[in-house]
Amino acid sequence: MAERFDRIWHNARLATIREDLPDLGVIEHGVIAARDGRIVFAGSRSDFPSDADTSERIDCEGRWITPGLIDCHTHLVFGGNRAHEFELRLQGASYEEIARAGGGIVSTVAATRASSEADLVAGALPRLDTLIGEGVTTVEIKSGYGLNTETEIRQLSAARAVGRDRPVSIRTTFLGAHALPPEADGDKDRYIELVCRGMLPAVAQAGLADAVDAFMEGIAFSGDQTARVFRAAKALGLPVKLHADQLSNLGGAALAAEFSALSADHLEHTDEAGAAAMVRSGTVAVLLPGAFYFIRETTKPPVDLFRAHGVNMALATDCNPGSSPLTSLLLAMNMGATLFRMNVAECLAGVTREGARALGILGETGTLVTGKWCDLAIWDIERPAELVYRIGFNPLHSRVWRGR
C-alpha cells in the first residue's frame, strides 16, 4: 500500500542547512513531504517513493526551499517608540548619555507600563507580520520593558498572544534584569533581589517564560548581579541567555558559558577567553548587526575568533525601539555579511539552524530533516546568496508553518 502524506512539495532545490552535508546541504531535484505538521521526507526525488499518495502535491517549479527563518533575539512587544532619541543621537548624544538622562530603556518602560495587553498586542502585530512576510516561522520575544512584576507578566502574556493570532512559533524570554526602574532609586542590588525573589517566581508559576535573560553592562548590571539572576533561573529549571560584551568587556561571554547559557548576544567586545569558554559550554554567539549599525558602534564582534574556536554563530534583528528598530531578517543577513564579514553559509545558518540552537529548539526546527516541524520558506531565487546579497527586496514565494 502506498505511503500517504498530507502534502508534498516537489521539483524544488533544497538548502537543508544540515550539519552533516557540505555547502548548505543542497539537494537538487528535491522533495519534501509532510504529515501531521512534521517533515517525513526531505531529500532527492530519486529516493522518494514513486507511488506516494497525498492530499496535495505542490510543484515548486525549480524554486529554492530553506527552513523557515528564525529570529532568535527580539524585543517585539513594547509601548511607544523612541524616534526622538534617534534625533538626539544624530546631534551627537551617545547611547549611554541618553540612558543616564532618563531616556533609553526607561522611557520605553513608562510607555509600556501605560499600555494594556491589547495595546501591546496591537503594536507588536505589524512588526511580527513584517517578519512573517519574509519567511520567518519562529520568533523569540523578550520582556524587559516592565521592570515590575505586573508589567513583565503583561508583556510576556502579550508575546504569547501574538503567537495565537498568527501562524508562527513564539518563544518567550523573561528579561527583568534589563535596566533599573526609576523607583529603585539607584539601588541595583535591591532591584535584583526583587527580580530573583518576586518577578522570576511569578513568571515561572504563570508558565510564561521559556528562558531568562539579563543585560550585563556598565549601564545595566554587574557580573555578580547577573549571576544571582542566573542562579535563581536555574533553580526554577529555566535556561539562561545573556546580553554580553556589547559596550565593554566585563567578561559576559565567559559568565554566560559558566551557566551553560543557550546564547550570549551582541559580543562586540568579547575576548579569546570568552570565545573559548563559549565553545566548551556550547553557548551560541548571537550577532546583532542592526544594533551595531543603528547606534554607530565601531568595534565589531570577533567573527574570526569565533570561527577559529568553532563558536556557533546566529544572526537576529534585535528588533527594539531604542537601538535596533529593525524588522527585516533578510537585511540583518546582509548586514552580517557587509558589516561583520560573515559568509553566505554563515548568514543562512545563522537565521535557521543556529537560531534554533540559540533557542534550545534545534531538535524541533531549523533544518530540513525528517521528524522536525515542517517550517519552510520557498524562494524565487536563482541561488541562496541572493537572500544575503539583495537589500530591500523580498523574494519570498510562499511560507509554510507546521505543514500548512
# chains A, B, ... in the order shown; residues from 1 in each chain; ligands from 1
$ residues_around --residues "Val162 in chain A" --least-positions-apart "3" --cutoff "8 Å" --atoms "only C-alpha atoms" --output "ChimeraX atom specification"
/A:121,124-125,158-159,165-166
$ select_by_dssp --residues "range 120-361 of chain A" --states "helix (DSSP H, G or I)" --output "ChimeraX atom specification"
/A:120-132,149-165,182-184,188-206,223-235,252-258,272-281,289-294,303-309,329-338,344-350,353-359
$ residues_around --residues "range 111-116 of chain A" --least-positions-apart "3" --cutoff "10 Å" --atoms "only C-alpha atoms" --output "list in words"
Val77, Phe78, Gly79, Gly80, Asn81, Val106, Ser107, Thr108, Asp119, Leu120, Val121, Ala122, Gly123, Gly144, Tyr145, Gly146, Leu147, Asn148, Glu150, Thr151, Glu152, Arg154, Gln155 and Ala158 of chain A
$ write_last_selection --atoms "C-alpha atoms" --output "tab-separated table (two decimals), in the first residue's frame"
chain	number	residue	atom	x	y	z
A	77	VAL	CA	6.43	43.74	22.42
A	78	PHE	CA	6.69	47.29	23.81
A	79	GLY	CA	4.83	50.57	24.14
A	80	GLY	CA	5.63	53.81	22.31
A	81	ASN	CA	8.69	54.48	20.20
A	106	VAL	CA	13.46	53.62	30.96
A	107	SER	CA	11.45	55.81	28.55
A	108	THR	CA	10.05	52.69	26.89
A	119	ASP	CA	-2.39	47.75	23.21
A	120	LEU	CA	0.84	45.75	23.34
A	121	VAL	CA	-0.54	43.06	21.04
A	122	ALA	CA	-1.84	45.63	18.57
A	123	GLY	CA	1.54	47.36	18.50
A	144	GLY	CA	12.21	43.78	29.96
A	145	TYR	CA	10.17	46.95	29.45
A	146	GLY	CA	8.02	46.46	32.54
A	147	LEU	CA	10.61	46.20	35.31
A	148	ASN	CA	7.85	45.33	37.75
A	150	GLU	CA	2.70	43.15	36.76
A	151	THR	CA	4.03	44.69	33.53
A	152	GLU	CA	6.63	42.00	32.88
A	154	ARG	CA	1.67	41.55	30.80
A	155	GLN	CA	4.46	41.77	28.23
A	158	ALA	CA	1.09	39.70	25.05
$ closest_atom_pairs --of "range 162-247 of chain A" --to "range 354-359 of chain A" --cutoff "9 Å" --atoms "only C-alpha atoms" --output "tab-separated table"
residue	atom	partner	partner_atom	distance
A:Arg171	CA	A:Leu359	CA	7.7
A:Asp210	CA	A:Leu359	CA	8.7
A:Ala211	CA	A:Leu359	CA	8.4
A:Lys241	CA	A:Ala358	CA	8.6
$ residues_around --residues "Pro67 in chain A" --least-positions-apart "3" --cutoff "7 Å" --atoms "only C-alpha atoms" --output "PDB file with N, CA and C atoms, in the first residue's frame"
ATOM      1  N   THR A  16      19.102  22.423   2.793  1.00  0.00           N
ATOM      2  CA  THR A  16      18.630  21.775   4.026  1.00  0.00           C
ATOM      3  C   THR A  16      19.282  22.359   5.271  1.00  0.00           C
ATOM      4  N   THR A 352      18.654  30.189  10.657  1.00  0.00           N
ATOM      5  CA  THR A 352      17.898  28.926  10.623  1.00  0.00           C
ATOM      6  C   THR A 352      18.432  28.005  11.713  1.00  0.00           C
ATOM      7  N   GLY A 366      14.710  24.343  12.273  1.00  0.00           N
ATOM      8  CA  GLY A 366      15.984  24.960  11.916  1.00  0.00           C
ATOM      9  C   GLY A 366      16.731  24.299  10.778  1.00  0.00           C
ATOM     10  N   THR A 367      16.415  23.043  10.464  1.00  0.00           N
ATOM     11  CA  THR A 367      16.997  22.341   9.322  1.00  0.00           C
ATOM     12  C   THR A 367      15.900  21.501   8.674  1.00  0.00           C
ATOM     13  N   LEU A 368      16.115  21.134   7.417  1.00  0.00           N
ATOM     14  CA  LEU A 368      15.150  20.289   6.713  1.00  0.00           C
ATOM     15  C   LEU A 368      15.531  18.836   6.944  1.00  0.00           C
ATOM     16  N   ASP A 375       8.454  23.568   8.772  1.00  0.00           N
ATOM     17  CA  ASP A 375       8.506  25.023   8.668  1.00  0.00           C
ATOM     18  C   ASP A 375       9.422  25.352   7.496  1.00  0.00           C
ATOM     19  N   LEU A 376       8.856  25.928   6.447  1.00  0.00           N
ATOM     20  CA  LEU A 376       9.582  26.137   5.200  1.00  0.00           C
ATOM     21  C   LEU A 376       9.459  27.583   4.710  1.00  0.00           C
ATOM     22  N   ALA A 377      10.485  28.031   4.004  1.00  0.00           N
ATOM     23  CA  ALA A 377      10.409  29.259   3.226  1.00  0.00           C
ATOM     24  C   ALA A 377      10.760  28.894   1.792  1.00  0.00           C
TER      25      ALA A 377
END
$ closest_atom_pairs --of "range 82-171 of chain A" --to "range 319-341 of chain A" --cutoff "10 Å" --atoms "only C-alpha atoms" --output "tab-separated table"
residue	atom	partner	partner_atom	distance
A:Arg82	CA	A:Pro321	CA	5.7
A:Ala83	CA	A:Pro321	CA	8.1
A:His84	CA	A:Gly322	CA	9.9
A:Glu85	CA	A:Gly322	CA	7.6
A:Phe86	CA	A:Gly322	CA	7.8
A:Tyr95	CA	A:Ser323	CA	8.2
A:Gly103	CA	A:Gly322	CA	9.3
A:Gly104	CA	A:Gly322	CA	6.3
A:Ile105	CA	A:Gly322	CA	7.1
A:Ser107	CA	A:Gly322	CA	9.5
A:Thr108	CA	A:Pro321	CA	7.7
A:Pro126	CA	A:Thr327	CA	9.6
A:Arg127	CA	A:Thr327	CA	6.2
A:Leu128	CA	A:Thr327	CA	7.8
A:Asp129	CA	A:Thr327	CA	9.2
A:Thr130	CA	A:Thr327	CA	6.4
A:Leu131	CA	A:Thr327	CA	6.0
A:Ile132	CA	A:Ser328	CA	9.5
A:Gly133	CA	A:Ser328	CA	9.3
A:Glu134	CA	A:Leu330	CA	7.2
A:Gly135	CA	A:Leu329	CA	9.0
A:Val136	CA	A:Leu329	CA	8.0
A:Ile141	CA	A:Cys319	CA	9.3
A:Lys142	CA	A:Asn320	CA	9.8
$ closest_residue --among "A:Arg404, A:Leu14, A:Phe174, A:Val286" --to "Ala202 in chain A" --atoms "only C-alpha atoms"
A:Phe174
$ atom_distance --atom1 "CA of Val311 in chain A" --atom2 "CA of Val279 in chain A"
5.3 Å
$ residues_around --residues "Arg57 in chain A" --least-positions-apart "2" --cutoff "12 Å" --atoms "only C-alpha atoms" --output "list in words"
Arg4, Phe5, Asp6, Arg7, Ile8, Trp9, His10, Asn11, Val31, Ile32, Ala33, Ala34, Ala52, Asp53, Thr54, Ser55, Asp59 and Cys60 of chain A
$ write_last_selection --atoms "N, CA and C atoms" --output "PDB file, in the first residue's frame"
ATOM      1  N   ARG A   4       1.006   7.457   2.570  1.00  0.00           N
ATOM      2  CA  ARG A   4       0.188   8.654   2.363  1.00  0.00           C
ATOM      3  C   ARG A   4       0.769   9.832   3.152  1.00  0.00           C
ATOM      4  N   PHE A   5       0.794  10.980   2.507  1.00  0.00           N
ATOM      5  CA  PHE A   5       1.293  12.217   3.103  1.00  0.00           C
ATOM      6  C   PHE A   5       0.198  13.283   3.041  1.00  0.00           C
ATOM      7  N   ASP A   6       0.262  14.242   3.930  1.00  0.00           N
ATOM      8  CA  ASP A   6      -0.688  15.355   3.875  1.00  0.00           C
ATOM      9  C   ASP A   6      -0.377  16.279   2.699  1.00  0.00           C
ATOM     10  N   ARG A   7       0.924  16.475   2.443  1.00  0.00           N
ATOM     11  CA  ARG A   7       1.314  17.449   1.422  1.00  0.00           C
ATOM     12  C   ARG A   7       2.714  17.124   0.933  1.00  0.00           C
ATOM     13  N   ILE A   8       2.939  17.304  -0.372  1.00  0.00           N
ATOM     14  CA  ILE A   8       4.245  17.062  -0.967  1.00  0.00           C
ATOM     15  C   ILE A   8       4.646  18.288  -1.782  1.00  0.00           C
ATOM     16  N   TRP A   9       5.872  18.749  -1.562  1.00  0.00           N
ATOM     17  CA  TRP A   9       6.468  19.807  -2.388  1.00  0.00           C
ATOM     18  C   TRP A   9       7.539  19.137  -3.256  1.00  0.00           C
ATOM     19  N   HIS A  10       7.444  19.280  -4.567  1.00  0.00           N
ATOM     20  CA  HIS A  10       8.404  18.612  -5.444  1.00  0.00           C
ATOM     21  C   HIS A  10       8.937  19.603  -6.482  1.00  0.00           C
ATOM     22  N   ASN A  11       9.889  19.133  -7.281  1.00  0.00           N
ATOM     23  CA  ASN A  11      10.530  19.981  -8.278  1.00  0.00           C
ATOM     24  C   ASN A  11      11.124  21.219  -7.605  1.00  0.00           C
ATOM     25  N   VAL A  31      12.562  16.903  -2.865  1.00  0.00           N
ATOM     26  CA  VAL A  31      11.171  16.681  -2.488  1.00  0.00           C
ATOM     27  C   VAL A  31      11.064  16.806  -0.965  1.00  0.00           C
ATOM     28  N   ILE A  32       9.989  17.448  -0.517  1.00  0.00           N
ATOM     29  CA  ILE A  32       9.659  17.462   0.917  1.00  0.00           C
ATOM     30  C   ILE A  32       8.240  16.945   1.065  1.00  0.00           C
ATOM     31  N   ALA A  33       8.046  16.043   2.003  1.00  0.00           N
ATOM     32  CA  ALA A  33       6.713  15.523   2.298  1.00  0.00           C
ATOM     33  C   ALA A  33       6.421  15.742   3.779  1.00  0.00           C
ATOM     34  N   ALA A  34       5.161  16.098   4.064  1.00  0.00           N
ATOM     35  CA  ALA A  34       4.767  16.394   5.445  1.00  0.00           C
ATOM     36  C   ALA A  34       3.553  15.572   5.841  1.00  0.00           C
ATOM     37  N   ALA A  52       3.773   7.448  -3.976  1.00  0.00           N
ATOM     38  CA  ALA A  52       3.304   8.161  -2.777  1.00  0.00           C
ATOM     39  C   ALA A  52       1.941   8.790  -3.019  1.00  0.00           C
ATOM     40  N   ASP A  53       1.097   8.705  -2.016  1.00  0.00           N
ATOM     41  CA  ASP A  53      -0.258   9.252  -2.077  1.00  0.00           C
ATOM     42  C   ASP A  53      -0.307  10.513  -1.217  1.00  0.00           C
ATOM     43  N   THR A  54      -1.062  11.511  -1.655  1.00  0.00           N
ATOM     44  CA  THR A  54      -1.114  12.761  -0.891  1.00  0.00           C
ATOM     45  C   THR A  54      -2.409  13.508  -1.160  1.00  0.00           C
ATOM     46  N   SER A  55      -2.794  14.347  -0.211  1.00  0.00           N
ATOM     47  CA  SER A  55      -3.955  15.212  -0.396  1.00  0.00           C
ATOM     48  C   SER A  55      -3.626  16.384  -1.321  1.00  0.00           C
ATOM     49  N   ASP A  59       3.930  21.784  -7.051  1.00  0.00           N
ATOM     50  CA  ASP A  59       5.074  21.896  -7.955  1.00  0.00           C
ATOM     51  C   ASP A  59       5.782  23.217  -7.681  1.00  0.00           C
ATOM     52  N   CYS A  60       7.013  23.141  -7.177  1.00  0.00           N
ATOM     53  CA  CYS A  60       7.756  24.355  -6.830  1.00  0.00           C
ATOM     54  C   CYS A  60       8.447  24.997  -8.034  1.00  0.00           C
TER      55      CYS A  60
END
$ closest_residue --among "A:Glu346, A:Ala264, A:Val203, A:Gly290" --to "Val303 in chain A" --atoms "only C-alpha atoms"
A:Glu346
$ atom_distance --atom1 "CA of Glu272 in chain A" --atom2 "CA of His75 in chain A"
28.6 Å
$ closest_residue --among "A:Thr298, A:Thr149, A:Thr226, A:Thr370" --to "Ala214 in chain A" --atoms "only C-alpha atoms"
A:Thr226
$ closest_residue --among "A:Gly392, A:Pro167, A:Pro49, A:Gly237" --to "Ala204 in chain A" --atoms "only C-alpha atoms"
A:Gly237
$ residues_around --residues "Arg383 in chain A" --least-positions-apart "6" --cutoff "10 Å" --atoms "only C-alpha atoms" --output "VMD selection string"
chain A and resid 13 15 63 to 64
$ residues_around --residues "Glu386 in chain A" --least-positions-apart "6" --cutoff "10 Å" --atoms "only C-alpha atoms" --output "PyMOL selection string"
chain A and resi 330+334+344+379-380+393-395
$ write_last_selection --atoms "all heavy atoms" --output "mmCIF file, in the first residue's frame"
data_model
loop_
_atom_site.group_PDB
_atom_site.id
_atom_site.type_symbol
_atom_site.label_atom_id
_atom_site.label_comp_id
_atom_site.auth_asym_id
_atom_site.auth_seq_id
_atom_site.Cartn_x
_atom_site.Cartn_y
_atom_site.Cartn_z
ATOM 1 N N LEU A 330 16.088 39.480 6.560
ATOM 2 C CA LEU A 330 16.881 39.488 5.325
ATOM 3 C C LEU A 330 17.925 40.602 5.374
ATOM 4 O O LEU A 330 19.085 40.400 5.006
ATOM 5 C CB LEU A 330 15.968 39.671 4.110
ATOM 6 C CG LEU A 330 14.990 38.535 3.809
ATOM 7 C CD1 LEU A 330 14.096 38.899 2.628
ATOM 8 C CD2 LEU A 330 15.730 37.232 3.526
ATOM 9 N N ASN A 334 22.205 40.632 5.358
ATOM 10 C CA ASN A 334 23.078 41.481 4.548
ATOM 11 C C ASN A 334 24.041 42.258 5.431
ATOM 12 O O ASN A 334 25.238 42.385 5.122
ATOM 13 C CB ASN A 334 22.245 42.437 3.698
ATOM 14 C CG ASN A 334 23.109 43.358 2.851
ATOM 15 O OD1 ASN A 334 23.478 44.437 3.297
ATOM 16 N ND2 ASN A 334 23.447 42.912 1.649
ATOM 17 N N VAL A 344 28.075 33.698 3.164
ATOM 18 C CA VAL A 344 26.680 33.365 2.867
ATOM 19 C C VAL A 344 26.196 32.183 3.701
ATOM 20 O O VAL A 344 25.106 32.215 4.273
ATOM 21 C CB VAL A 344 26.501 33.083 1.363
ATOM 22 C CG1 VAL A 344 25.146 32.440 1.086
ATOM 23 C CG2 VAL A 344 26.630 34.382 0.566
ATOM 24 N N TRP A 379 11.464 30.239 -2.062
ATOM 25 C CA TRP A 379 12.022 31.494 -2.581
ATOM 26 C C TRP A 379 12.102 31.515 -4.099
ATOM 27 O O TRP A 379 12.500 30.531 -4.725
ATOM 28 C CB TRP A 379 13.439 31.702 -2.030
ATOM 29 C CG TRP A 379 13.560 31.639 -0.541
ATOM 30 C CD1 TRP A 379 13.939 30.554 0.204
ATOM 31 C CD2 TRP A 379 13.310 32.692 0.395
ATOM 32 N NE1 TRP A 379 13.942 30.875 1.540
ATOM 33 C CE2 TRP A 379 13.565 32.175 1.695
ATOM 34 C CE3 TRP A 379 12.916 34.023 0.264
ATOM 35 C CZ2 TRP A 379 13.429 32.950 2.849
ATOM 36 C CZ3 TRP A 379 12.773 34.801 1.404
ATOM 37 C CH2 TRP A 379 13.030 34.262 2.679
ATOM 38 N N ASP A 380 11.806 32.684 -4.678
ATOM 39 C CA ASP A 380 12.015 32.931 -6.103
ATOM 40 C C ASP A 380 13.425 33.470 -6.297
ATOM 41 O O ASP A 380 13.630 34.686 -6.461
ATOM 42 C CB ASP A 380 10.988 33.948 -6.619
ATOM 43 C CG ASP A 380 9.641 33.329 -6.911
ATOM 44 O OD1 ASP A 380 9.615 32.243 -7.518
ATOM 45 O OD2 ASP A 380 8.625 33.923 -6.531
ATOM 46 N N PHE A 393 14.654 43.944 -0.895
ATOM 47 C CA PHE A 393 13.920 43.132 -1.866
ATOM 48 C C PHE A 393 13.558 41.823 -1.202
ATOM 49 O O PHE A 393 14.415 41.160 -0.616
ATOM 50 C CB PHE A 393 14.799 42.871 -3.102
ATOM 51 C CG PHE A 393 14.145 42.032 -4.155
ATOM 52 C CD1 PHE A 393 13.235 42.600 -5.036
ATOM 53 C CD2 PHE A 393 14.429 40.682 -4.268
ATOM 54 C CE1 PHE A 393 12.618 41.823 -6.012
ATOM 55 C CE2 PHE A 393 13.818 39.893 -5.242
ATOM 56 C CZ PHE A 393 12.911 40.473 -6.123
ATOM 57 N N ASN A 394 12.297 41.456 -1.308
ATOM 58 C CA ASN A 394 11.824 40.252 -0.641
ATOM 59 C C ASN A 394 11.412 39.211 -1.679
ATOM 60 O O ASN A 394 10.352 39.343 -2.294
ATOM 61 C CB ASN A 394 10.639 40.586 0.269
ATOM 62 C CG ASN A 394 10.116 39.378 1.025
ATOM 63 O OD1 ASN A 394 10.651 38.278 0.909
ATOM 64 N ND2 ASN A 394 9.060 39.567 1.796
ATOM 65 N N PRO A 395 12.226 38.169 -1.895
ATOM 66 C CA PRO A 395 11.911 37.172 -2.913
ATOM 67 C C PRO A 395 11.096 35.986 -2.410
ATOM 68 O O PRO A 395 11.077 34.936 -3.052
ATOM 69 C CB PRO A 395 13.305 36.719 -3.367
ATOM 70 C CG PRO A 395 14.121 36.790 -2.105
ATOM 71 C CD PRO A 395 13.561 37.938 -1.298
#
$ closest_residue --among "A:Ile58, A:Leu200, A:Leu194, A:Leu387" --to "Leu238 in chain A" --atoms "only C-alpha atoms"
A:Leu200
$ closest_residue --among "A:Glu217, A:Asp224, A:Asp271, A:Glu117" --to "Lys300 in chain A" --atoms "only C-alpha atoms"
A:Asp271
